[in-house]
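One structure below.
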Amino acid sequence: MTGTADDRTPVHPSLSEAGRLLCAGSYLDAAYRDRVIQELYVHEERYVAPSYGFDAARVLAHALQARRAEVAWASAVIAVWGLGLVMAQALVIFLLIPAAFLSGAGRIERRRVTRARGSRFLELLLRACGYVLLIGVVLGVLVGAVDGRTGVGGTDESLVVYESFLQEFDEQPFGLGFVLALPVLGYALAASYAWTALIVFGLLSLVVGLQRGHFARVISTSLSRTQYADPNADPASGRRFLRARDRILRTQHSRLVIYNVDDPFCGAGAAYRPWHLSVELRPRTDGVEPEPLDNERIVARIRPRLEALRIPSPHGSPEAEQAVLDRLRELVVDECVFLPASGLPAAFEPDLSDSAFDAHRAGAVEEGGERRRHFLRVRVGGWDENLVITVFVRVHTQGGMLMLEVAPHVLLPVRRQFQEADDVARRHLRNNPFAKTVWALKHAPRSLSKALTTLSGGSRGPWQIATEGHGGALPAGPAVSVRELAAQEDASLFQLMDLDRYLKTIQDRIVAGVTVALHEAGWHTEEFAQRAVTVAEGGVYIQSVSHSAFSVGGSGHSNRTSHHTDRGDRQ
């Protein structure tokens, strides 16, 4: 987007705080990182959604780096488990049972927290079973270590336990003996391989602890506020990444928006009470001869009024005026043209130059077409680009009618987990060795399932690139915005108050600009002004409805945004 006319311009998207938090999120959330790589790196046939207030190329660079690092650490975890399998086969095989229980409980907990789905009882049951088995193993290791067992092979005691284990399994109904004998079996195996288990578990805890420390150092150094200010320090390698970065940089902030028909405003966030209005153009009765009124003339009257919002009210001195921190001073107004991606030929490279935009704008501003559409675009980035309000305005005159469409969209703040990245990293790095050791010991038992998931996820992208032929597919619009995937479901009261203030101010100026254009051209303005105020203050809105484009109906005023139904793919 273009900058503002005064000396208060928004922070560059590549340096915004929201973009930095998205990069940190790629180290904290594997599911989010995988979606970023899928959308921006694997599906090279898709155009990138507009990046309002951040730089998607930097997010992709850190997502790829985070995946490479996590794959390396996962390989180290698998190697330690492999060492344990060689040295203590029976014990390692047995440990797969509690590891499966704890992994299943963790999956249920994450699903319950993120999607409000999953049984709390089943989660507690699996967790209890896993810890009971682990307690048996721990007791066996302690007893075996005290007895001085080296773990070079099974003992007579373990053979006796095997026999009793099988006997219990045969005698108890419904396999109850199998369940009851599992902790005993774990105790005996651990006692037989005591020192081997201690060595392997110590190595495993060391690797898990070092992995967390590595990610904490990345967030506190490369992604600190000071070092993030240097985009050249981003990790970048590989011809495919450089090709993807060039594609992102060329399209993400272009005034020509290549869109997906199913989600044309992808990237702008959730629709927030969009509305439209149509009125009959009637000549005034004061003797003024009405003039033809076209879309260009109306847009020319709206834009200066919006740009005037950047000017602070008089505060007694120029210094006081310059000290005003209202985000409206950084309001950005420009024009954009939406072009559909469907129907484009294979390997199509759109011309996104200024001359191409001027040509598209000249044709789209008056044509009122269905697929190519011209909008006046107004954007305010509040709370360090964490709350982004974008208002799309379209004016059309046809058959003696004036139609005004206003489509506000809101990007809510980045999710809380990402905003706490600095604090999480700082607390870990400044924590005492005992606390770090406890954390590593706690997370070591579930490291195998996480490592296997990481390796399978890390191989999915290269496999899709090699087999699915995205490079030769027909061009497509963006399927999802990586910024929208990281947005919260709601905002704080302060943020919602700012949202309402920005939108009401912008919409009032839009209505005033259209009213002035009508009056100067010799047309009646009373009906338009009255109906516009009624609609903008809560009368009639265009609302998103599942499985349909929109419907028109009454709606009460609400401070909550309404997310699109296709956002259910958020992990």
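Just remember, in the structure tokens the first chain shown is A, the second B, etc., residues are 1-based per chain, and ligands are 1-based in the order shown.
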Hey, which bits of segment 408-514 of chain A sit within 10 Å of segment 337-358 of chain A, and for each residue what's the closest pair of atoms and how far apart in Å (one decimal), counting only C-alpha atoms, rows by chain and increasing number, as CSV?
residue,atom,partner,partner_atom,distance
A:Gly471,CA,A:Ala347,CA,8.1
A:Gly472,CA,A:Ala346,CA,6.8
A:Ala473,CA,A:Ala346,CA,6.4
A:Leu474,CA,A:Ala346,CA,4.6
A:Pro475,CA,A:Ala346,CA,6.2
A:Ala476,CA,A:Ala341,CA,5.2
A:Gly477,CA,A:Ala341,CA,5.2
A:Pro478,CA,A:Ala341,CA,8.9
Next, dump the selected residues to file, keeping only C-alpha atoms, as an mmCIF file, in the first residue's frame.
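For reference, result09.cif as written:
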data_model
loop_
_atom_site.group_PDB
_atom_site.id
_atom_site.type_symbol
_atom_site.label_atom_id
_atom_site.label_comp_id
_atom_site.auth_asym_id
_atom_site.auth_seq_id
_atom_site.Cartn_x
_atom_site.Cartn_y
_atom_site.Cartn_z
ATOM 1 C CA GLY A 471 4.340 -26.342 -10.488
ATOM 2 C CA GLY A 472 2.401 -27.248 -13.620
ATOM 3 C CA ALA A 473 -1.099 -26.652 -12.213
ATOM 4 C CA LEU A 474 -3.399 -23.886 -13.378
ATOM 5 C CA PRO A 475 -3.056 -20.623 -11.425
ATOM 6 C CA ALA A 476 -5.333 -20.371 -8.409
ATOM 7 C CA GLY A 477 -6.251 -17.748 -5.880
ATOM 8 C CA PRO A 478 -5.126 -17.940 -2.266
#
Please return as a PyMOL selection string: the residues of segment 334-464 of chain A that backbone DSSP assigns to strand (DSSP E or B).
chain A and resi 334-340+373-382+387-398+401-411+414
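Counting from atom CA of Arg225 of chain A, the distance to atom CA of Glu420 of chain A is 13.6 Å.
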Near-segment 304-319 of chain A list (7 Å; only C-alpha atoms; drop same-chain fewer than 3 positions) as JSON, numbers by chain
{"A": [301, 322, 323, 324, 328, 329, 330, 331, 333, 506, 509, 513]}
Kindly save the residues from that selection, with C-alpha atoms included, as a PDB file, in the first residue's frame.
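Contents of the output file result.pdb:
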ATOM      1  CA  ARG A 301     -14.868  13.443  -3.517  1.00  0.00           C
ATOM      2  CA  GLN A 322       2.990  16.268  16.328  1.00  0.00           C
ATOM      3  CA  ALA A 323       2.850  14.356  19.601  1.00  0.00           C
ATOM      4  CA  VAL A 324      -0.649  13.006  18.888  1.00  0.00           C
ATOM      5  CA  LEU A 328      -5.765   7.608  12.207  1.00  0.00           C
ATOM      6  CA  ARG A 329      -2.676   9.718  11.525  1.00  0.00           C
ATOM      7  CA  GLU A 330      -1.257   6.595   9.841  1.00  0.00           C
ATOM      8  CA  LEU A 331      -4.399   5.900   7.835  1.00  0.00           C
ATOM      9  CA  VAL A 333      -5.928   5.326   1.387  1.00  0.00           C
ATOM     10  CA  ILE A 506     -14.306   6.244   8.152  1.00  0.00           C
ATOM     11  CA  ARG A 509     -16.464  10.437   5.832  1.00  0.00           C
ATOM     12  CA  GLY A 513     -18.047  12.469   0.346  1.00  0.00           C
TER      13      GLY A 513
END
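Distances from A:Arg247, A:Arg282, A:Cys129, A:Thr467 to His519 of chain A were compared using only C-alpha atoms, and the smallest one belongs to A:Arg282.
Minimum distance to Ala244 of chain A across A:Thr453, A:Ala532, A:Ala61, A:Leu441 (counting only C-alpha atoms) occurs at A:Ala61.
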Those of segment 359-461 of chain A in DSSP alpha helix (DSSP H), formatted as a ChimeraX atom specification:
/A:359-367,416-419,421-430,433-443,447-461
Would you work out the distance separating atom CA of Arg68 of chain A from atom CA of Arg111 of chain A, expressed in Å to one decimal?
25.6 Å
Counting only C-alpha atoms, which of A:Arg371, A:Arg245, A:Arg107, A:Arg35 gets nearest to Arg127 of chain A?
A:Arg107
Residues within 12 Å of Ser456 of chain A, only C-alpha atoms, excluding chain neighbours under 4 positions, as a PyMOL selection string
chain A and resi 34+67+70-71+74-75+449-452+460-463
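Minimum atom-to-atom distance to Val332 of chain A, evaluated using only C-alpha atoms, belongs to A:Thr9 out of A:Val184, A:Tyr502, A:Leu518, A:Thr9.
Counting only C-alpha atoms and comparing A:Ile219, A:Leu293, A:Val414, A:Val378, the residue that lies closest to Thr505 of chain A is A:Val378.
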Straight-line distance linking atom CA of Gln507 of chain A with atom CA of Val365 of chain A, stated in Å to one decimal:
20.1 Å
Taking only C-alpha atoms into account, which of A:Gly522, A:Val393, A:Glu366, A:Gly382 comes nearest Glu335 of chain A?
A:Val393
Which residues come within 12 Å of Leu503 of chain A, counting only C-alpha atoms, excluding same-chain residues fewer than 4 positions away, as a PyMOL selection string?
chain A and resi 272-274+306+328+331+378-380+388-392+406-410+496-499+507-510+536-537+559
